[in-house]
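J.: Got a file for you: my_file_13.csv, CSV, C-alpha atoms and all ligand atoms.
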```
chain,number,residue,atom,x,y,z
A,6,MET,CA,0.0,0.0,0.0
A,7,LYS,CA,1.2,3.5,-0.8
A,8,LYS,CA,2.4,5.6,2.1
A,9,ASN,CA,0.1,8.1,3.9
A,10,ILE,CA,1.8,11.6,4.0
A,11,LEU,CA,0.8,14.6,6.1
A,12,ILE,CA,1.9,17.9,4.6
A,13,THR,CA,1.6,21.2,6.6
A,14,GLY,CA,1.3,24.4,4.6
A,15,ALA,CA,-0.2,22.6,1.6
A,16,THR,CA,-2.2,25.7,0.5
A,17,SER,CA,0.7,27.5,-1.2
A,18,GLY,CA,4.3,27.3,-2.6
A,19,ILE,CA,6.4,24.3,-1.7
A,20,GLY,CA,3.7,22.5,0.2
A,21,LEU,CA,1.2,22.9,-2.7
A,22,ALA,CA,3.7,21.7,-5.3
A,23,THR,CA,4.5,18.8,-3.0
A,24,ALA,CA,0.9,17.9,-2.6
A,25,ARG,CA,0.4,18.0,-6.4
A,26,LEU,CA,3.5,15.8,-7.1
A,27,LEU,CA,2.8,13.2,-4.4
A,28,ALA,CA,-0.9,12.9,-5.4
A,29,LYS,CA,0.3,12.2,-9.0
A,30,GLU,CA,2.6,9.6,-7.5
A,31,GLY,CA,-0.4,7.9,-5.9
A,32,TYR,CA,0.4,8.5,-2.2
A,33,SER,CA,-2.5,9.1,0.1
A,34,LEU,CA,-2.4,12.6,1.6
A,35,VAL,CA,-3.5,14.6,4.6
A,36,LEU,CA,-3.3,18.2,3.5
A,37,CYS,CA,-3.1,21.0,6.1
A,38,GLY,CA,-3.3,24.8,6.2
A,39,ARG,CA,-5.4,27.6,7.5
A,40,ARG,CA,-7.1,28.6,4.2
A,41,THR,CA,-9.9,26.1,4.0
A,42,GLU,CA,-11.0,27.4,0.6
A,43,ARG,CA,-7.7,26.7,-1.0
A,44,LEU,CA,-7.6,23.2,0.6
A,45,GLN,CA,-11.0,22.5,-0.9
A,46,GLU,CA,-9.9,23.8,-4.3
A,47,LEU,CA,-6.9,21.5,-4.1
A,48,ALA,CA,-9.1,18.6,-3.2
A,49,GLY,CA,-11.2,19.3,-6.3
A,50,GLU,CA,-8.0,19.2,-8.4
A,51,LEU,CA,-6.4,16.1,-6.9
A,52,GLY,CA,-9.3,14.1,-5.6
A,53,GLU,CA,-9.4,11.8,-8.5
A,54,MET,CA,-5.7,11.0,-8.4
A,55,ALA,CA,-5.3,10.3,-4.7
A,56,GLN,CA,-7.0,9.6,-1.4
A,57,LEU,CA,-7.2,12.9,0.4
A,58,HIS,CA,-8.1,14.2,3.8
A,59,LEU,CA,-8.1,18.0,4.6
A,60,LEU,CA,-7.3,19.5,8.0
A,61,THR,CA,-7.7,23.2,8.7
A,62,PHE,CA,-5.7,24.4,11.7
A,63,ASP,CA,-3.2,27.1,12.8
A,64,VAL,CA,0.1,25.4,13.8
A,65,ARG,CA,0.5,28.0,16.5
A,66,ASP,CA,-2.6,26.7,18.3
A,67,ARG,CA,-1.4,23.5,20.2
A,68,GLU,CA,-4.9,22.4,21.1
A,69,ALA,CA,-6.1,22.8,17.6
A,70,VAL,CA,-3.2,20.8,16.3
A,71,GLU,CA,-3.8,18.0,18.7
A,72,GLN,CA,-7.5,18.1,18.0
A,73,ALA,CA,-7.1,18.1,14.2
A,74,ILE,CA,-4.5,15.3,14.1
A,75,GLY,CA,-6.4,13.3,16.8
A,76,SER,CA,-9.6,13.5,14.7
A,77,LEU,CA,-8.1,11.8,11.7
A,78,PRO,CA,-10.3,8.9,10.4
A,79,GLU,CA,-9.0,5.4,10.7
A,80,LYS,CA,-7.9,5.3,7.1
A,81,PHE,CA,-5.5,8.3,7.6
A,82,ARG,CA,-4.5,7.7,11.2
A,83,THR,CA,-1.2,6.0,10.4
A,84,ILE,CA,1.0,8.7,9.2
A,85,ASP,CA,4.1,7.3,7.4
A,86,VAL,CA,5.6,10.6,6.5
A,87,LEU,CA,5.3,14.0,8.1
A,88,VAL,CA,6.4,17.0,6.0
A,89,ASN,CA,6.9,19.9,8.4
A,90,ASN,CA,6.7,22.7,5.8
A,91,ALA,CA,4.4,25.4,7.2
A,92,GLY,CA,6.3,28.5,7.9
A,93,ASN,CA,7.2,32.0,6.7
A,94,ALA,CA,9.3,35.0,7.3
A,95,HIS,CA,7.6,38.2,8.6
A,96,GLY,CA,9.5,41.4,8.0
A,97,LEU,CA,13.1,42.1,7.0
A,98,ASP,CA,14.6,44.7,9.4
A,99,PRO,CA,17.8,45.3,11.3
A,100,ILE,CA,17.3,43.7,14.7
A,101,GLY,CA,17.0,47.1,16.5
A,102,GLU,CA,14.1,48.1,14.3
A,103,GLY,CA,12.4,44.7,14.3
A,104,ASN,CA,8.8,44.3,15.1
A,105,PRO,CA,8.2,42.0,18.1
A,106,GLU,CA,4.9,40.9,16.6
A,107,ASP,CA,6.9,39.6,13.6
A,108,TRP,CA,9.3,37.9,15.9
A,109,ASP,CA,6.5,36.2,17.8
A,110,ALA,CA,4.9,35.0,14.5
A,111,MET,CA,8.1,33.5,13.2
A,112,ILE,CA,9.0,31.8,16.5
A,113,ASP,CA,5.5,30.6,17.1
A,114,ILE,CA,5.0,29.2,13.5
A,115,ASN,CA,8.4,28.1,12.4
A,116,VAL,CA,9.6,26.6,15.7
A,117,LYS,CA,6.8,26.0,18.1
A,118,GLY,CA,4.3,25.0,15.3
A,119,LEU,CA,6.7,22.5,13.9
A,120,LEU,CA,7.1,21.0,17.4
A,121,TYR,CA,3.4,20.9,18.1
A,122,VAL,CA,2.7,19.0,14.8
A,123,SER,CA,5.6,16.7,15.4
A,124,LYS,CA,4.5,16.0,18.9
A,125,ALA,CA,1.0,15.0,17.6
A,126,VAL,CA,2.5,12.7,15.0
A,127,MET,CA,5.6,11.1,16.6
A,128,PRO,CA,3.9,8.7,19.1
A,129,GLN,CA,2.3,6.5,16.5
A,130,MET,CA,5.6,6.4,14.5
A,131,MET,CA,7.5,5.5,17.7
A,132,GLU,CA,4.9,2.8,18.5
A,133,ARG,CA,5.2,1.2,15.1
A,134,LYS,CA,9.0,1.8,15.0
A,135,GLU,CA,8.7,3.2,11.5
A,136,GLY,CA,8.2,6.6,9.9
A,137,HIS,CA,9.8,9.6,8.3
A,138,ILE,CA,9.8,13.2,9.3
A,139,ILE,CA,10.9,15.8,6.7
A,140,ASN,CA,11.7,19.2,8.1
A,141,ILE,CA,11.8,22.1,5.6
A,142,GLY,CA,14.6,24.3,6.9
A,143,SER,CA,16.4,26.9,4.8
A,144,ILE,CA,19.8,28.2,3.7
A,145,ALA,CA,19.0,30.8,6.4
A,146,GLY,CA,19.2,27.9,8.9
A,147,LYS,CA,22.8,27.3,7.9
A,148,GLU,CA,23.9,31.0,7.6
A,149,VAL,CA,22.7,34.4,8.7
A,150,TYR,CA,22.2,37.2,6.2
A,151,PRO,CA,21.8,40.9,7.0
A,152,LYS,CA,18.3,41.7,8.4
A,153,GLY,CA,17.5,38.0,8.4
A,154,ASN,CA,18.1,37.8,12.2
A,155,VAL,CA,15.0,36.3,13.7
A,156,TYR,CA,13.9,34.3,10.6
A,157,SER,CA,17.4,32.9,10.5
A,158,ALA,CA,17.2,32.1,14.2
A,159,THR,CA,14.0,30.1,13.7
A,160,LYS,CA,15.5,28.2,10.8
A,161,HIS,CA,18.7,27.5,12.8
A,162,ALA,CA,16.3,26.1,15.4
A,163,VAL,CA,14.8,23.8,12.8
A,164,ASP,CA,18.3,22.7,11.9
A,165,ALA,CA,19.0,21.9,15.6
A,166,LEU,CA,15.6,20.2,16.0
A,167,ASN,CA,16.4,18.1,12.9
A,168,LYS,CA,19.6,17.0,14.5
A,169,GLY,CA,17.9,16.3,17.8
A,170,MET,CA,15.2,14.3,16.1
A,171,LEU,CA,17.8,12.3,14.2
A,172,GLN,CA,19.4,11.3,17.6
A,173,ASP,CA,16.3,10.8,19.7
A,174,LEU,CA,14.2,9.0,17.1
A,175,ASN,CA,17.1,6.8,16.0
A,176,PRO,CA,16.2,3.9,18.5
A,177,TYR,CA,12.8,3.8,16.8
A,178,GLY,CA,14.1,3.5,13.2
A,179,ILE,CA,12.4,6.7,12.2
A,180,LYS,CA,14.0,8.6,9.3
A,181,VAL,CA,14.6,12.3,9.8
A,182,THR,CA,15.4,14.6,6.9
A,183,ALA,CA,16.1,18.3,6.6
A,184,ILE,CA,15.7,20.0,3.2
A,185,ASN,CA,17.2,23.4,3.2
A,186,PRO,CA,16.3,25.5,0.1
A,187,GLY,CA,17.8,28.8,-1.0
A,188,LEU,CA,15.6,31.2,-2.9
A,189,VAL,CA,12.3,29.7,-4.1
A,190,GLU,CA,9.7,31.8,-5.8
A,191,THR,CA,6.5,31.3,-3.8
A,192,GLU,CA,4.3,33.6,-1.7
A,193,PHE,CA,7.1,33.6,0.9
A,194,SER,CA,8.3,37.2,0.0
A,195,LEU,CA,4.7,38.4,-0.4
A,196,VAL,CA,4.1,37.3,3.2
A,197,ARG,CA,7.5,38.7,4.4
A,198,PHE,CA,6.6,42.1,2.9
A,199,LYS,CA,3.0,42.1,4.1
A,200,GLY,CA,1.4,41.9,0.7
A,201,ASP,CA,3.7,44.4,-1.1
A,202,GLU,CA,3.7,42.6,-4.5
A,203,GLU,CA,6.2,45.0,-6.1
A,204,ARG,CA,8.8,44.5,-3.4
A,205,ALA,CA,8.2,40.8,-3.3
A,206,LYS,CA,8.8,40.5,-7.0
A,207,THR,CA,12.2,42.2,-6.8
A,208,VAL,CA,13.6,39.4,-4.6
A,209,TYR,CA,13.5,37.0,-7.6
A,210,GLU,CA,14.5,39.5,-10.4
A,211,GLY,CA,17.7,39.1,-12.4
A,212,PHE,CA,18.2,35.4,-11.8
A,213,GLU,CA,16.4,32.1,-12.0
A,214,PRO,CA,15.1,31.1,-8.6
A,215,LEU,CA,14.1,27.7,-7.6
A,216,ARG,CA,10.5,26.8,-8.4
A,217,PRO,CA,8.5,25.1,-5.6
A,218,GLU,CA,8.3,22.1,-7.9
A,219,ASP,CA,12.1,21.7,-7.7
A,220,VAL,CA,11.8,21.4,-3.9
A,221,ALA,CA,8.8,19.0,-4.3
A,222,GLU,CA,10.9,16.7,-6.5
A,223,VAL,CA,13.6,16.5,-3.8
A,224,ILE,CA,11.0,15.8,-1.1
A,225,SER,CA,9.6,13.0,-3.3
A,226,PHE,CA,13.1,11.6,-3.8
A,227,ALA,CA,13.8,11.6,-0.1
A,228,ILE,CA,10.5,9.7,0.6
A,229,SER,CA,11.1,7.1,-2.1
A,230,ARG,CA,14.6,6.0,-0.9
A,231,PRO,CA,14.8,2.4,0.2
A,232,ALA,CA,14.2,1.6,3.9
A,233,HIS,CA,18.0,1.5,4.7
A,234,VAL,CA,18.7,5.0,3.2
A,235,ASN,CA,18.0,8.3,4.9
A,236,ILE,CA,18.8,11.7,3.5
A,237,SER,CA,19.6,13.5,6.7
A,238,ASP,CA,20.4,17.0,5.6
A,239,LEU,CA,20.4,18.6,2.2
A,240,ILE,CA,20.9,22.1,0.8
A,241,LEU,CA,19.2,22.9,-2.5
A,242,LEU,CA,20.1,26.2,-4.2
A,243,PRO,CA,19.3,27.9,-7.5
A,244,THR,CA,22.5,27.7,-9.7
A,245,ALA,CA,22.8,31.5,-9.4
A,246,GLN,CA,23.0,31.3,-5.6
A,247,ALA,CA,26.3,30.5,-3.9
A,248,ASN,CA,25.2,30.9,-0.3
A,249,ALA,CA,22.8,33.0,1.9
A,250,THR,CA,24.3,36.3,0.7
A,251,ILE,CA,25.7,35.8,-2.8
A,252,VAL,CA,23.3,35.6,-5.8
A,253,ARG,CA,24.6,36.2,-9.3
A,254,LYS,CA,22.1,38.7,-10.8
A,255,GLU,CA,22.0,40.1,-14.3
A,256,SER,CA,22.1,43.9,-14.0
A,301,LIG,P1,4.3,30.2,1.1
A,301,LIG,O1,4.0,31.4,1.8
A,301,LIG,O2,4.0,30.0,-0.3
A,301,LIG,O3,3.6,29.0,1.9
A,301,LIG,C1,3.6,28.9,3.3
A,301,LIG,C2,2.7,27.8,3.8
A,301,LIG,O4,2.7,27.8,5.2
A,301,LIG,C3,1.2,28.1,3.4
A,301,LIG,O5,0.6,27.0,2.9
A,301,LIG,C4,0.6,28.6,4.7
A,301,LIG,O6,-0.8,28.1,4.7
A,301,LIG,C5,1.4,27.8,5.7
A,301,LIG,N1,1.3,28.5,7.0
A,301,LIG,C6,1.9,29.7,7.3
A,301,LIG,N2,1.5,30.0,8.6
A,301,LIG,C7,0.8,29.0,9.1
A,301,LIG,C8,0.2,28.8,10.3
A,301,LIG,N3,0.2,29.7,11.3
A,301,LIG,N4,-0.5,27.7,10.5
A,301,LIG,C9,-0.6,26.8,9.5
A,301,LIG,N5,0.0,26.9,8.3
A,301,LIG,C10,0.6,28.0,8.1
A,301,LIG,O7,5.9,29.9,1.4
A,301,LIG,P2,6.9,28.7,1.0
A,301,LIG,O8,6.2,27.6,0.3
A,301,LIG,O9,8.1,29.3,0.4
A,301,LIG,O10,7.3,28.2,2.4
A,301,LIG,C11,7.2,26.9,2.9
A,301,LIG,C12,8.4,26.6,3.8
A,301,LIG,O11,9.6,26.7,3.0
A,301,LIG,C13,8.5,27.5,5.0
A,301,LIG,O12,8.9,26.8,6.1
A,301,LIG,C14,9.7,28.4,4.6
A,301,LIG,O13,10.4,29.0,5.7
A,301,LIG,C15,10.5,27.5,3.8
A,301,LIG,N6,11.5,28.0,2.8
A,301,LIG,C16,11.1,28.9,1.8
A,301,LIG,C17,12.0,29.4,1.0
A,301,LIG,C18,11.7,30.4,-0.1
A,301,LIG,O14,12.6,31.0,-0.6
A,301,LIG,N7,10.4,30.5,-0.5
A,301,LIG,C19,13.4,29.0,1.0
A,301,LIG,C20,13.7,28.1,2.2
A,301,LIG,C21,12.8,27.7,3.0
A,301,LIG,P3,-2.0,29.0,5.3
A,301,LIG,O15,-1.7,30.4,5.1
A,301,LIG,O16,-3.2,28.5,4.5
A,301,LIG,O17,-2.1,28.6,6.7
A,302,LIG,C1,14.0,31.4,2.6
A,302,LIG,C2,15.2,31.7,1.9
A,302,LIG,O1,17.1,33.4,1.7
A,302,LIG,O2,14.8,34.2,1.5
A,302,LIG,O3,14.2,30.6,3.7
A,302,LIG,O4,15.7,33.5,3.7
A,302,LIG,S1,15.7,33.3,2.2
```
What would the structure in this file look like if it were written as structure tokens?
Ligand code: NDP
Ligand code: 8X3
T.:
Amino acid sequence: MKKNILITGATSGIGLATARLLAKEGYSLVLCGRRTERLQELAGELGEMAQLHLLTFDVRDREAVEQAIGSLPEKFRTIDVLVNNAGNAHGLDPIGEGNPEDWDAMIDINVKGLLYVSKAVMPQMMERKEGHIINIGSIAGKEVYPKGNVYSATKHAVDALNKGMLQDLNPYGIKVTAINPGLVETEFSLVRFKGDEERAKTVYEGFEPLRPEDVAEVISFAISRPAHVNISDLILLPTAQANATIVRKES
């Protein structure tokens, strides 16, 4: 039987592209996000290809996370793969000018949200001594770039949690994978710049960024490795990007 995969942040960008690809590949999917309408649209698009279940919750709300994942029907209750993808940057400011509400949002979503979802899913994997957790980190979790301060701190936390999960879940035979992309053109910058489309567009101008589908292919590859192979930590960059600060742009 094909694996059952839970994806957070399936309403947009990397999560959406991953849902589309994995549905095509015949996996059964639990698709999560806050925007119910988008989830329903996606179900309309993918429903004939794959078995789907939709969950609407905010990863910041621990009770809602527990309730949603606890309410999964029998058919979807065994989660073989968890893709911890939900997350965003909020703001891009020097630390002294940063907005504490943005800091709270990033810490609550990118770090605490990832923990809450993992906590709701891990016990059944530990019981079965089988499973796979894929954490979407970032190049910003490996290096810090100017004004990236708190976003980068949250992604460094994801990097640390990935390492911690690798160690603590090792006795249970659970695979743990971090995929750390560089610049991917999604709604990420639109969210970071609070809906400013012009500013968001400039982030991806003058070079060819990753497409969300590029990341989805790597997620699918990690999932489809044989039982004895685990991709533990992977950086994926557009060819034009050397690291967190160097991007070759055409002027
Ligand atoms: P998008 O903004 O396109 O997608 C973000 C997804 O996260 C949406 O589906 C959104 O769903 C979900 N999400 C955000 N906040 C919450 C919340 N509070 N509760 C539940 N779900 C939430 O961005 P990306 O696809 O680019 O981002 C996906 C992941 O990839 C993030 O972790 C990001 O940090 C990481 N990443 C992105 C890179 C990039 O350059 N784009 C590079 C490296 C890493 P909804 O709003 O419906 O809840
Ligand atoms: C997203 C990549 O460089 O915009 O994690 O922070 S970056």
J.: Restricting the calculation to all atoms listed in the file, which member of A:Ala205, A:Ile240, A:Ile144, A:Lys8 is positioned closest to Leu97 (chain A)?
T.: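 Closest to Leu97 (chain A) of all the choices is A:Ala205.
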J.: Which residue out of A:Ala28, A:Leu11, A:Ala94, A:Leu34 has the minimum interatomic distance to Val196 (chain A) when all atoms listed in the file are used?
T.: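 Nearest to Val196 (chain A): A:Ala94.
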J.: When distances are computed from all atoms listed in the file, which of A:Lys206, A:His95, A:Lys134, A:Lys124 shows the smallest separation from Asn154 (chain A)?
T.: A:His95
J.: With all atoms listed in the file as the basis for distance, which of A:Gly118, A:Gly96, A:Gly20, A:Gly103 is at the shortest distance from Arg197 (chain A)?
T.: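 Nearest to Arg197 (chain A): A:Gly96.
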J.: Using Å and a single decimal, report how far atom N3 of ligand LIG 301 (chain A) sits from CA of Ser157 (chain A).
T.: 17.5 Å
J.: Mind running chain A against ligand LIG 302 (chain A) at 6 Å and telling me each contacting residue's nearest atom pair with the distance in Å (one decimal), counting only C-alpha atoms and all ligand atoms, chain and number ascending, as JSON lines?
T.:
```
{"residue": "A:Ser143", "atom": "CA", "partner": "A:LIG302", "partner_atom": "O3", "distance": 4.4}
{"residue": "A:Ala145", "atom": "CA", "partner": "A:LIG302", "partner_atom": "O4", "distance": 5.0}
{"residue": "A:Gly187", "atom": "CA", "partner": "A:LIG302", "partner_atom": "C2", "distance": 4.9}
{"residue": "A:Leu188", "atom": "CA", "partner": "A:LIG302", "partner_atom": "C2", "distance": 4.8}
{"residue": "A:Ala249", "atom": "CA", "partner": "A:LIG302", "partner_atom": "O1", "distance": 5.7}
```
J.: I need the residue nearest ligand LIG 301 (chain A) from this list: A:Ile12, A:Leu36, A:Leu47, A:Ala91. Use all atoms listed in the file for the distance.
T.: A:Ala91
J.: CA of Met6 (chain A) and CA of Ile139 (chain A) are how many Å apart?
T.: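 Interatomic distance here is 20.3 Å.
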